>>> print(open('protein13.cif').read())   # mmCIF, C-alpha atoms (C1' of nucleotides)
data_query
#
loop_
_atom_site.label_atom_id
_atom_site.label_comp_id
_atom_site.auth_asym_id
_atom_site.auth_seq_id
_atom_site.Cartn_x
_atom_site.Cartn_y
_atom_site.Cartn_z
CA MET A 209 -55.81 -26.35 55.37
CA SER A 210 -53.95 -27.71 52.37
CA LEU A 211 -57.21 -28.31 50.48
CA LEU A 212 -57.64 -24.58 49.97
CA LEU A 213 -54.02 -23.96 48.99
CA ASP A 214 -54.21 -26.87 46.57
CA THR A 215 -57.33 -25.39 45.03
CA ILE A 216 -55.63 -22.04 44.61
CA ALA A 217 -52.49 -23.65 43.21
CA ARG A 218 -54.51 -25.14 40.39
CA HIS A 219 -55.06 -21.65 38.97
CA VAL A 220 -52.33 -19.30 40.20
CA VAL A 221 -48.85 -19.74 41.66
CA LEU A 222 -48.23 -18.20 45.08
CA THR A 223 -44.96 -17.80 46.97
CA ALA A 224 -44.72 -19.22 50.46
CA GLU A 225 -45.16 -15.72 51.90
CA GLU A 226 -48.26 -15.12 49.82
CA GLN A 227 -49.69 -18.46 50.91
CA GLN A 228 -49.15 -17.47 54.52
CA CYS A 229 -50.77 -14.11 53.83
CA VAL A 230 -53.85 -15.85 52.46
CA LEU A 231 -54.08 -18.07 55.50
CA ASP A 232 -53.73 -15.10 57.82
CA LEU A 233 -56.77 -13.48 56.24
CA LEU A 234 -58.94 -16.51 56.97
CA GLU A 235 -60.71 -17.68 60.03
CA THR A 236 -61.54 -21.36 60.54
CA ARG A 237 -64.79 -22.41 62.15
CA ARG A 238 -66.63 -25.64 62.85
CA TYR A 239 -70.39 -25.94 62.70
CA LYS A 240 -72.74 -28.74 63.57
CA ALA A 241 -75.62 -29.75 61.32
CA LYS A 242 -78.58 -27.35 60.99
CA THR A 243 -76.56 -24.28 61.93
CA GLN A 244 -77.84 -21.29 59.98
CA LEU A 245 -75.02 -19.26 58.43
CA GLN A 246 -77.03 -16.79 56.39
CA GLN A 247 -80.67 -15.76 56.36
CA THR A 248 -83.05 -14.05 53.97
CA GLY A 249 -83.02 -10.33 54.60
CA MET A 250 -79.55 -10.26 56.15
CA VAL A 251 -76.52 -8.74 54.48
CA CYS A 252 -73.94 -11.41 53.67
CA SER A 253 -70.45 -10.18 54.54
CA GLU A 254 -68.39 -13.35 54.24
CA SER A 255 -67.90 -16.39 52.07
CA TYR A 256 -67.16 -19.94 53.11
CA PHE A 257 -64.69 -22.46 51.76
CA VAL A 258 -65.76 -25.94 52.81
CA ASN A 259 -62.95 -28.07 54.14
CA SER A 260 -65.16 -30.91 55.32
CA GLY A 261 -68.90 -31.45 55.67
CA ILE A 262 -71.71 -30.08 53.51
CA LEU A 263 -73.46 -26.71 53.20
CA ARG A 264 -76.48 -25.75 51.19
CA SER A 265 -78.09 -22.53 49.98
CA PHE A 266 -81.83 -22.23 49.50
CA THR A 267 -84.77 -19.87 49.45
CA TYR A 268 -88.53 -20.10 49.94
CA ASP A 269 -91.08 -19.99 47.14
CA ASP A 270 -94.45 -18.29 47.48
CA HIS A 271 -95.94 -21.43 49.05
CA ALA A 272 -93.26 -21.35 51.79
CA HIS A 273 -91.55 -24.41 50.34
CA GLU A 274 -87.77 -24.58 50.46
CA ARG A 275 -85.98 -24.45 47.11
CA VAL A 276 -82.37 -25.64 47.15
CA LEU A 277 -80.12 -23.53 44.94
CA ASN A 278 -76.85 -25.31 45.61
CA PHE A 279 -74.77 -27.64 47.71
CA ALA A 280 -71.15 -27.24 48.73
CA GLY A 281 -68.99 -30.18 49.74
CA PRO A 282 -65.25 -30.21 50.46
CA GLY A 283 -63.39 -27.92 48.06
CA TRP A 284 -66.40 -25.76 47.20
CA TRP A 285 -67.14 -22.14 48.06
CA MET A 286 -70.50 -20.94 49.33
CA ALA A 287 -71.98 -17.47 49.85
CA ASP A 288 -75.01 -15.34 49.04
CA LEU A 289 -73.19 -13.74 46.13
CA TYR A 290 -75.87 -11.20 45.39
CA SER A 291 -75.75 -9.83 48.90
CA LEU A 292 -71.98 -10.16 49.22
CA TYR A 293 -71.30 -8.19 46.04
CA SER A 294 -74.01 -5.58 46.38
CA GLY A 295 -73.94 -5.06 50.13
CA LEU A 296 -77.73 -5.29 50.09
CA PRO A 297 -79.96 -7.73 52.02
CA GLY A 298 -79.99 -11.12 50.31
CA ILE A 299 -82.75 -13.58 49.60
CA LEU A 300 -80.78 -16.75 50.26
CA ASN A 301 -80.45 -18.91 53.33
CA ILE A 302 -77.34 -20.95 53.96
CA ASP A 303 -77.18 -23.75 56.47
CA VAL A 304 -75.15 -26.79 57.42
CA ILE A 305 -76.29 -30.22 56.27
CA ALA A 306 -73.46 -32.26 57.76
CA TYR A 307 -70.98 -31.25 60.47
CA ALA A 308 -68.57 -28.96 58.68
CA GLU A 309 -65.24 -27.24 58.98
CA VAL A 310 -65.11 -24.07 56.90
CA HIS A 311 -62.60 -21.34 56.20
CA VAL A 312 -64.28 -17.97 56.44
CA LEU A 313 -63.22 -15.08 54.23
CA SER A 314 -64.77 -11.77 55.21
CA LYS A 315 -65.57 -9.28 52.48
CA ALA A 316 -63.12 -6.80 54.02
CA ASN A 317 -60.33 -9.37 54.04
CA GLN A 318 -61.13 -10.39 50.49
CA GLU A 319 -60.63 -6.84 49.31
CA LEU A 320 -57.46 -6.62 51.39
CA MET A 321 -56.32 -9.81 49.70
CA TYR A 322 -56.88 -8.31 46.25
CA ARG A 323 -54.67 -5.37 47.22
CA GLU A 324 -51.91 -7.43 48.84
CA ILE A 325 -51.85 -10.24 46.28
CA PRO A 326 -53.18 -9.14 42.88
CA LYS A 327 -52.90 -12.72 41.70
CA MET A 328 -55.82 -13.56 43.98
CA GLU A 329 -58.01 -11.28 41.95
CA ARG A 330 -57.19 -13.52 39.02
CA PHE A 331 -57.94 -16.60 41.08
CA PHE A 332 -61.39 -15.40 42.05
CA ARG A 333 -62.09 -14.24 38.53
CA ILE A 334 -61.39 -17.72 37.25
CA LEU A 335 -63.42 -19.25 40.06
CA VAL A 336 -66.43 -17.11 39.21
CA GLU A 337 -65.98 -17.74 35.49
CA ASN A 338 -66.19 -21.47 36.08
CA ALA A 339 -69.20 -21.07 38.33
CA LEU A 340 -70.95 -19.02 35.65
CA VAL A 341 -70.31 -21.61 32.97
CA ALA A 342 -71.59 -24.35 35.27
CA GLN A 343 -74.67 -22.31 36.11
CA GLN A 344 -75.42 -21.68 32.43
CA GLN A 345 -75.13 -25.37 31.72
CA ARG A 346 -77.44 -26.22 34.59
CA MET A 347 -79.92 -23.69 33.23
CA LEU A 348 -79.90 -25.41 29.84
CA ASP A 349 -80.19 -28.80 31.51
CA ASN A 350 -83.25 -27.67 33.42
CA MET A 351 -84.89 -26.50 30.23
CA MET A 352 -83.96 -29.48 28.09
CA LEU A 353 -83.72 -32.56 30.27
CA SER A 354 -86.29 -34.70 32.06
CA ALA A 355 -86.25 -35.03 35.83
CA GLU A 356 -84.53 -38.37 35.49
CA GLN A 357 -81.74 -37.03 33.31
CA ARG A 358 -81.26 -34.14 35.72
CA TYR A 359 -80.86 -36.64 38.52
CA ASP A 360 -78.13 -38.40 36.56
CA LYS A 361 -76.35 -35.08 36.11
CA PHE A 362 -76.64 -34.39 39.81
CA CYS A 363 -75.05 -37.73 40.65
CA ALA A 364 -72.18 -36.94 38.30
CA LYS A 365 -71.68 -33.47 39.73
CA PHE A 366 -71.86 -34.36 43.42
CA PRO A 367 -70.74 -37.99 43.64
CA GLY A 368 -70.05 -37.74 47.35
CA LEU A 369 -73.37 -36.22 48.32
CA ILE A 370 -75.98 -38.77 47.28
CA ALA A 371 -75.39 -40.81 50.40
CA ASN A 372 -75.18 -37.89 52.81
CA VAL A 373 -78.03 -35.53 52.04
CA PRO A 374 -81.75 -36.21 52.61
CA GLN A 375 -83.33 -37.05 49.31
CA LYS A 376 -85.98 -34.37 49.60
CA LEU A 377 -83.16 -31.85 49.30
CA ILE A 378 -81.86 -33.55 46.19
CA ALA A 379 -85.40 -33.52 44.81
CA SER A 380 -85.59 -29.80 45.44
CA TYR A 381 -82.21 -29.19 43.80
CA ILE A 382 -83.20 -30.93 40.60
CA GLY A 383 -86.58 -29.21 40.67
CA VAL A 384 -89.18 -31.87 41.52
CA THR A 385 -91.29 -32.71 44.55
CA PRO A 386 -90.08 -35.32 47.07
CA GLU A 387 -93.05 -37.51 46.14
CA PHE A 388 -92.26 -37.50 42.47
CA PHE A 389 -88.59 -38.08 43.17
CA SER A 390 -89.46 -41.13 45.23
CA LYS A 391 -91.64 -42.55 42.45
CA MET A 392 -88.94 -41.88 39.91
CA LYS A 393 -86.42 -43.83 41.94
CA ALA A 394 -88.83 -46.73 42.33
CA ALA A 395 -89.56 -46.80 38.59
CA ARG A 396 -85.82 -46.81 37.93
CA LEU A 397 -85.37 -50.00 39.96
CA ARG A 398 -88.22 -51.81 38.24
CA GLY A 399 -86.93 -50.90 34.79
CA GLY A 400 -83.27 -51.00 33.78
CA ILE A 401 -81.21 -50.74 36.95
CA SER A 402 -78.60 -48.01 37.07
CA MET B 65 -67.57 3.63 20.95
CA SER B 66 -68.42 5.54 24.10
CA LEU B 67 -70.98 2.94 25.17
CA LEU B 68 -68.19 0.51 26.03
CA LEU B 69 -66.06 3.10 27.80
CA ASP B 70 -69.10 4.23 29.76
CA THR B 71 -69.78 0.64 30.79
CA ILE B 72 -66.20 0.22 31.96
CA ALA B 73 -66.25 3.55 33.78
CA ARG B 74 -69.13 2.34 35.92
CA HIS B 75 -66.79 -0.14 37.61
CA VAL B 76 -63.18 1.02 37.28
CA VAL B 77 -61.48 4.33 36.53
CA LEU B 78 -59.17 4.41 33.53
CA THR B 79 -56.76 7.14 32.43
CA ALA B 80 -57.08 8.52 28.91
CA GLU B 81 -54.06 6.44 27.85
CA GLU B 82 -55.59 3.29 29.29
CA GLN B 83 -58.86 3.99 27.52
CA GLN B 84 -56.98 4.32 24.26
CA CYS B 85 -55.13 1.09 24.99
CA VAL B 86 -58.44 -0.71 25.47
CA LEU B 87 -59.77 0.65 22.21
CA ASP B 88 -56.61 -0.40 20.39
CA LEU B 89 -57.13 -3.99 21.48
CA LEU B 90 -60.60 -4.11 19.95
CA GLU B 91 -61.85 -4.61 16.46
CA THR B 92 -65.21 -3.27 15.35
CA ARG B 93 -67.41 -5.27 13.00
CA ARG B 94 -70.89 -4.99 11.53
CA TYR B 95 -73.07 -7.98 10.85
CA LYS B 96 -76.42 -8.34 9.17
CA ALA B 97 -79.20 -10.46 10.61
CA LYS B 98 -78.79 -14.27 10.61
CA THR B 99 -74.99 -14.13 10.50
CA GLN B 100 -73.56 -17.02 12.48
CA LEU B 101 -70.76 -15.92 14.83
CA GLN B 102 -70.15 -19.15 16.69
CA GLN B 103 -71.15 -22.76 16.09
CA THR B 104 -71.44 -25.95 18.11
CA GLY B 105 -68.17 -27.84 17.94
CA MET B 106 -66.03 -24.80 17.18
CA VAL B 107 -63.59 -23.26 19.62
CA CYS B 108 -64.67 -19.76 20.61
CA SER B 109 -61.69 -17.40 20.66
CA GLU B 110 -63.36 -14.02 21.00
CA SER B 111 -66.11 -12.21 22.85
CA TYR B 112 -68.48 -9.57 21.55
CA PHE B 113 -69.62 -6.31 23.07
CA VAL B 114 -72.85 -5.23 21.41
CA ASN B 115 -72.91 -1.58 20.44
CA SER B 116 -76.15 -1.78 18.49
CA GLY B 117 -78.42 -4.56 17.30
CA ILE B 118 -79.17 -7.90 18.96
CA LEU B 119 -77.30 -11.20 19.31
CA ARG B 120 -78.46 -14.47 20.76
CA SER B 121 -76.85 -17.67 22.00
CA PHE B 122 -78.62 -21.02 21.71
CA THR B 123 -78.14 -24.74 21.43
CA TYR B 124 -80.14 -27.71 20.17
CA ASP B 125 -81.94 -30.20 22.37
CA ASP B 126 -82.18 -33.90 21.58
CA HIS B 127 -85.24 -33.28 19.36
CA ALA B 128 -83.23 -30.79 17.26
CA HIS B 129 -85.21 -27.87 18.64
CA GLU B 130 -83.39 -24.62 19.28
CA ARG B 131 -83.08 -23.55 22.91
CA VAL B 132 -82.23 -19.90 23.48
CA LEU B 133 -79.79 -19.39 26.33
CA ASN B 134 -79.47 -15.63 26.15
CA PHE B 135 -79.93 -12.40 24.25
CA ALA B 136 -77.54 -9.48 24.08
CA GLY B 137 -78.68 -6.00 23.18
CA PRO B 138 -76.64 -2.77 23.27
CA GLY B 139 -74.31 -2.71 26.26
CA TRP B 140 -74.22 -6.49 26.74
CA TRP B 141 -71.39 -8.96 26.18
CA MET B 142 -71.81 -12.26 24.42
CA ALA B 143 -69.57 -15.31 24.01
CA ASP B 144 -69.49 -19.06 24.41
CA LEU B 145 -67.84 -18.73 27.80
CA TYR B 146 -67.23 -22.43 28.27
CA SER B 147 -65.29 -22.66 25.05
CA LEU B 148 -63.60 -19.29 25.50
CA TYR B 149 -62.28 -20.15 28.96
CA SER B 150 -61.40 -23.76 28.37
CA GLY B 151 -60.13 -23.56 24.81
CA LEU B 152 -62.25 -26.63 24.02
CA PRO B 153 -65.01 -26.97 21.40
CA GLY B 154 -68.21 -25.35 22.65
CA ILE B 155 -71.83 -26.42 22.47
CA LEU B 156 -73.34 -22.99 21.86
CA ASN B 157 -74.32 -21.22 18.69
CA ILE B 158 -74.30 -17.44 18.47
CA ASP B 159 -76.03 -15.54 15.71
CA VAL B 160 -77.33 -12.10 14.86
CA ILE B 161 -81.01 -11.35 15.31
CA ALA B 162 -80.97 -7.72 14.20
CA TYR B 163 -78.28 -5.88 12.24
CA ALA B 164 -75.53 -5.30 14.76
CA GLU B 165 -72.35 -3.40 15.37
CA VAL B 166 -70.08 -5.22 17.81
CA HIS B 167 -66.67 -4.66 19.35
CA VAL B 168 -64.65 -7.84 19.16
CA LEU B 169 -62.17 -8.76 21.88
CA SER B 170 -59.98 -11.71 21.01
CA LYS B 171 -58.89 -14.04 23.78
CA ALA B 172 -55.26 -13.14 23.12
CA ASN B 173 -55.99 -9.43 23.35
CA GLN B 174 -58.01 -9.95 26.50
CA GLU B 175 -55.03 -11.57 28.19
CA LEU B 176 -52.82 -8.81 26.87
CA MET B 177 -55.25 -6.34 28.36
CA TYR B 178 -55.03 -7.99 31.76
CA ARG B 179 -51.26 -7.62 31.64
CA GLU B 180 -51.21 -4.03 30.40
CA ILE B 181 -54.07 -2.75 32.55
CA PRO B 182 -54.56 -4.84 35.70
CA LYS B 183 -57.67 -2.81 36.48
CA MET B 184 -59.35 -4.54 33.56
CA GLU B 185 -59.00 -7.84 35.35
CA ARG B 186 -61.07 -6.27 38.10
CA PHE B 187 -63.59 -5.02 35.55
CA PHE B 188 -64.12 -8.43 34.04
CA ARG B 189 -64.26 -10.06 37.43
CA ILE B 190 -67.09 -7.75 38.42
CA LEU B 191 -68.81 -8.30 35.08
CA VAL B 192 -68.72 -12.06 35.53
CA GLU B 193 -69.82 -11.78 39.17
CA ASN B 194 -72.90 -9.87 38.11
CA ALA B 195 -73.63 -12.34 35.34
CA LEU B 196 -73.35 -15.22 37.81
CA VAL B 197 -75.76 -13.62 40.24
CA ALA B 198 -78.22 -12.92 37.42
CA GLN B 199 -77.91 -16.50 36.21
CA GLN B 200 -78.54 -17.90 39.68
CA GLN B 201 -81.62 -15.75 40.01
CA ARG B 202 -82.90 -16.88 36.63
CA MET B 203 -82.35 -20.47 37.73
CA LEU B 204 -84.49 -19.93 40.82
CA ASP B 205 -87.10 -18.13 38.74
CA ASN B 206 -87.33 -21.06 36.37
CA MET B 207 -87.88 -23.43 39.27
CA MET B 208 -90.35 -21.28 41.18
CA LEU B 209 -92.31 -19.15 38.76
CA SER B 210 -95.03 -19.91 36.23
CA ALA B 211 -94.47 -19.29 32.54
CA GLU B 212 -96.44 -16.08 32.81
CA GLN B 213 -94.34 -14.72 35.67
CA ARG B 214 -91.19 -15.64 33.76
CA TYR B 215 -92.47 -13.65 30.82
CA ASP B 216 -92.95 -10.63 33.07
CA LYS B 217 -89.37 -11.00 34.29
CA PHE B 218 -88.16 -11.21 30.71
CA CYS B 219 -89.95 -7.99 29.81
CA ALA B 220 -88.34 -6.27 32.77
CA LYS B 221 -84.87 -7.56 31.91
CA PHE B 222 -84.93 -6.83 28.18
CA PRO B 223 -87.34 -3.92 27.76
CA GLY B 224 -86.02 -3.07 24.32
CA LEU B 225 -86.24 -6.56 22.87
CA ILE B 226 -89.91 -7.49 23.03
CA ALA B 227 -90.64 -5.55 19.88
CA ASN B 228 -87.60 -6.71 17.92
CA VAL B 229 -87.32 -10.43 18.59
CA PRO B 230 -89.55 -13.09 17.00
CA GLN B 231 -91.77 -14.36 19.77
CA LYS B 232 -90.83 -17.98 19.26
CA LEU B 233 -87.36 -17.01 20.45
CA ILE B 234 -88.77 -15.34 23.52
CA ALA B 235 -90.84 -18.46 24.17
CA SER B 236 -87.70 -20.56 23.97
CA TYR B 237 -85.82 -18.22 26.32
CA ILE B 238 -88.46 -18.46 29.02
CA GLY B 239 -88.73 -22.20 28.48
CA VAL B 240 -92.08 -22.84 26.80
CA THR B 241 -93.22 -23.85 23.33
CA PRO B 242 -94.24 -21.18 20.81
CA GLU B 243 -97.78 -22.59 20.84
CA PHE B 244 -98.15 -22.29 24.57
CA PHE B 245 -96.63 -18.83 24.53
CA SER B 246 -99.18 -17.71 21.99
CA LYS B 247 -102.06 -19.06 24.07
CA MET B 248 -100.66 -17.42 27.17
CA LYS B 249 -100.55 -14.05 25.45
CA ALA B 250 -104.14 -14.47 24.21
CA ALA B 251 -105.37 -15.41 27.69
CA ARG B 252 -103.60 -12.35 29.08
CA LEU B 253 -105.59 -10.06 26.80
CA ARG B 254 -108.93 -11.64 27.64
CA GLY B 255 -108.24 -11.36 31.37
CA GLY B 256 -106.65 -8.32 33.02
CA ILE B 257 -104.69 -6.44 30.36
CA SER B 258 -101.05 -5.73 31.04
"C1'" DC C 37 -97.31 -14.17 -7.48
"C1'" DG C 38 -95.97 -18.09 -4.63
"C1'" DC C 39 -93.19 -19.85 -1.19
"C1'" DG C 40 -91.65 -20.39 3.48
"C1'" DA C 41 -91.43 -18.78 8.14
"C1'" DC C 42 -94.28 -17.17 11.69
"C1'" DG C 43 -98.24 -16.87 14.74
"C1'" DT C 44 -102.77 -18.76 16.10
"C1'" DT C 45 -106.14 -22.09 17.58
"C1'" DG C 46 -108.04 -26.62 18.92
"C1'" DA C 47 -107.86 -31.60 20.48
"C1'" DT C 48 -105.35 -34.70 22.93
"C1'" DT C 49 -101.62 -36.39 25.83
"C1'" DT C 50 -98.24 -36.35 29.49
"C1'" DG C 51 -94.90 -35.18 33.07
"C1'" DC C 52 -95.14 -33.62 37.19
"C1'" DC C 53 -97.86 -31.64 41.23
"C1'" DT C 54 -101.23 -31.82 45.09
"C1'" DC C 55 -103.36 -33.96 48.69
"C1'" DA C 56 -103.78 -37.65 51.79
"C1'" DA C 57 -102.66 -41.77 54.25
"C1'" DC C 58 -99.32 -44.83 55.89
"C1'" DG C 59 -94.60 -47.27 57.49
"C1'" DA C 60 -89.80 -46.47 58.76
"C1'" DT C 61 -86.31 -44.01 60.95
"C1'" DT C 62 -84.38 -40.75 63.94
"C1'" DG C 63 -83.68 -38.37 68.01
"C1'" DT C 64 -85.01 -36.71 72.40
"C1'" DG C 65 -86.62 -36.30 77.10
"C1'" DG C 66 -88.22 -38.98 80.94
"C1'" DC D 198 -83.41 -47.80 77.79
"C1'" DC D 199 -87.86 -47.00 76.35
"C1'" DA D 200 -91.88 -44.08 74.64
"C1'" DC D 201 -93.03 -40.61 72.07
"C1'" DA D 202 -92.96 -37.14 68.57
"C1'" DA D 203 -91.06 -35.50 64.52
"C1'" DT D 204 -89.17 -36.00 60.26
"C1'" DC D 205 -88.54 -38.68 56.30
"C1'" DG D 206 -89.62 -41.77 52.51
"C1'" DT D 207 -93.29 -44.38 50.08
"C1'" DT D 208 -97.57 -45.17 47.67
"C1'" DG D 209 -102.01 -44.07 45.50
"C1'" DA D 210 -105.81 -41.13 43.39
"C1'" DG D 211 -106.81 -37.25 41.04
"C1'" DG D 212 -105.67 -32.69 38.80
"C1'" DC D 213 -103.30 -29.16 36.19
"C1'" DA D 214 -99.79 -26.76 33.45
"C1'" DA D 215 -97.57 -27.26 29.56
"C1'" DA D 216 -96.17 -30.37 25.54
"C1'" DT D 217 -97.42 -32.50 21.27
"C1'" DC D 218 -99.66 -32.91 16.98
"C1'" DA D 219 -102.21 -30.95 13.37
"C1'" DA D 220 -104.61 -27.55 10.65
"C1'" DC D 221 -105.05 -22.96 9.14
"C1'" DG D 222 -104.42 -17.68 8.30
"C1'" DT D 223 -100.97 -14.18 7.49
"C1'" DC D 224 -97.21 -11.75 6.31
"C1'" DG D 225 -92.60 -10.55 4.28
"C1'" DC D 226 -89.75 -11.50 0.67
"C1'" DG D 227 -87.45 -13.53 -3.47
#
>>> encode(input="protein13.cif", output="C-alpha cells")
Amino acid sequence: MSLLLDTIARHVVLTAEEQQCVLDLLETRRYKAKTQLQQTGMVCSESYFVNSGILRSFTYDDHAHERVLNFAGPGWWMADLYSLYSGLPGILNIDVIAYAEVHVLSKANQELMYREIPKMERFFRILVENALVAQQQRMLDNMMLSAEQRYDKFCAKFPGLIANVPQKLIASYIGVTPEFFSKMKAARLRGGIS
Amino acid sequence: MSLLLDTIARHVVLTAEEQQCVLDLLETRRYKAKTQLQQTGMVCSESYFVNSGILRSFTYDDHAHERVLNFAGPGWWMADLYSLYSGLPGILNIDVIAYAEVHVLSKANQELMYREIPKMERFFRILVENALVAQQQRMLDNMMLSAEQRYDKFCAKFPGLIANVPQKLIASYIGVTPEFFSKMKAARLRGGIS
DNA sequence: CGCGACGTTGATTTGCCTCAACGATTGTGG
DNA sequence: CCACAATCGTTGAGGCAAATCAACGTCGCG
C-alpha cells in the first residue's frame, strides 16, 4: 500500500490521520489477466491505482480494430476520465494485461475525499496537470516523429513494459500496424543495433 | 470581463467579494497580431484567458517547420503548461493570430488565488480535467481518422476560427501539409459539397 | 508599384497499410 | 502428457494516403 502513499507524498504532505483516511476510502482488488474493468457504453464510476501488474485502455476504430490509448503499470492511475467526470457512457475499454493488484477509488469516495482532505484536491489537480502535459507532448510526438522515433519514446516512458506486453499492443499504442512494427524491429537489427 | 466570470460560474459559485478578488489578481492586456507571448527556451510564468481575438501555441519540428499544437479563441485559456507547472524552460511558442484582449494570470497570483479562494483550486482542476479528456480524444482521432474527418472535427471544435485563421495553420493543427490540405478542400468541392 | 506570404496545382516519392501465407508459441481439454 | 486450436509474430507483394519538390497565380501591404 505504501506505493500510493509515496506517490501522494511527492506532491502534498498528509498527517498520519489523513493517510489513514485516504486508505479507508479505498478498496483493494486483484484481477487476473484479460479481466474487463470498463466497457464502451458503460458509465465509469471508479478509478484504479495500479499497485502491481499492468492495465490498458483502448477503443475500437471503424474497422473493429483495437486502438490502445494507454498503459498503466505500478504507480499509474487508470480510468475512463471522460465518463468518470461527465457521468455519461464512455467510449473506452479497460482491461488487465498482466495479473494486477489495484486500489479502487469510487467517484463518491473521491468527492468525499475532497471534502475531508482539501489537500487531496490539490494532489489530483497536480496529477491531472502532469497527465495533460504528457498527453500534449505525445500529441506533438505523433505529429512530428516517425514510427521508429515514437517507439524509442515509448521505451523511455514505459521501461518495464516492453518485456511484458504483446508487441501488437505496443504497435497499436504508437500508432502502427503489428506487421509494420515487426518489420521495423527487423530493420533495426540489420542496421545499427539499439 | 464578464466572459471570465461567466466561465468560472459554470463550475463553481463565487461570492461578489471572491469575484472581485479574482479580478484583482488579473492584469488585462491587448496585443496586436504576430506578437510573441512565449518562446522556446523561456520559462513561462503566466497563463492567458482570451477575451477576444485568437492565440496559438506551436513548436518547430526537426525540419524547422512550425507545428500548431492549439488555438485559443474567446473563452479559452492558453499557456505553456509544461513550463508553467515545472518552472523549467518550455518548448512551446505562443503568439497572437488576431488582435486580442487577454486576461493575464501570473503563476504567483494563481497560487495566491488558490490560498485565498480554495474553490478556485477546484475550478482549475475541472478545467484541466476537461482539457485532458479533450486531448485524449484528439489523440485517438489522430490515430483513427483520415485527414478529412479530422478537418470536420476541427470545424466543430472551433466554429469561429475557420474564417479567421490562415489555412496553413489549420493544416498544421490537423497534421497535414498545406499542399495536401488545399487539395483536400478542392476534392471536397468537386464531390459532395459540405 | 513591387515584394513577400499565401494558396493552388501537378509530378513524383515514400512511409505505412492491406492482404495473404506461413512458423512459433501458448494454452487447453481429452 | 499430448493433440489441437488459437493467438502471436514474421515475411512478402502490392496499394494508397499523404509528403516532398517545384512552378505559378494572387493578394495584401509597405
>>> resolve_selection(input="protein13.cif", expression="the PyMOL selection byres ((chain C) within 12 of (chain A))", output="list in words")
DG51, DC52, DC53, DT54 and DC55 of chain C
>>> resolve_selection(input="protein13.cif", expression="the PyMOL selection byres ((chain D) within 12 of (chain B))", output="PyMOL selection string")
chain D and resi 214-218
>>> interface_residues(input="protein13.cif", of="chain A", to="chain B", cutoff="10 Å", atoms="all atoms listed in the file", output="PyMOL selection string")
chain A and resi 266-271+273+275-278+288-291+293-294+299+322+326+329-353+380-384
>>> atom_distance(input="protein13.cif", atom1="atom CA of A:Gly249", atom2="atom CA of A:Pro297")
4.8 Å
>>> atom_distance(input="protein13.cif", atom1="atom CA of B:Arg94", atom2="atom CA of B:Val166")
6.3 Å
>>> resolve_selection(input="protein13.cif", expression="the PyMOL selection byres ((chain D and resi 199-213) around 10)", output="PyMOL selection string")
(chain A and resi 374-376+386-387+390-391+394) or (chain C and resi 52-66) or (chain D and resi 198+214-215)
>>> atom_distance(input="protein13.cif", atom1="atom CA of A:Leu313", atom2="atom CA of A:Glu225")
18.2 Å
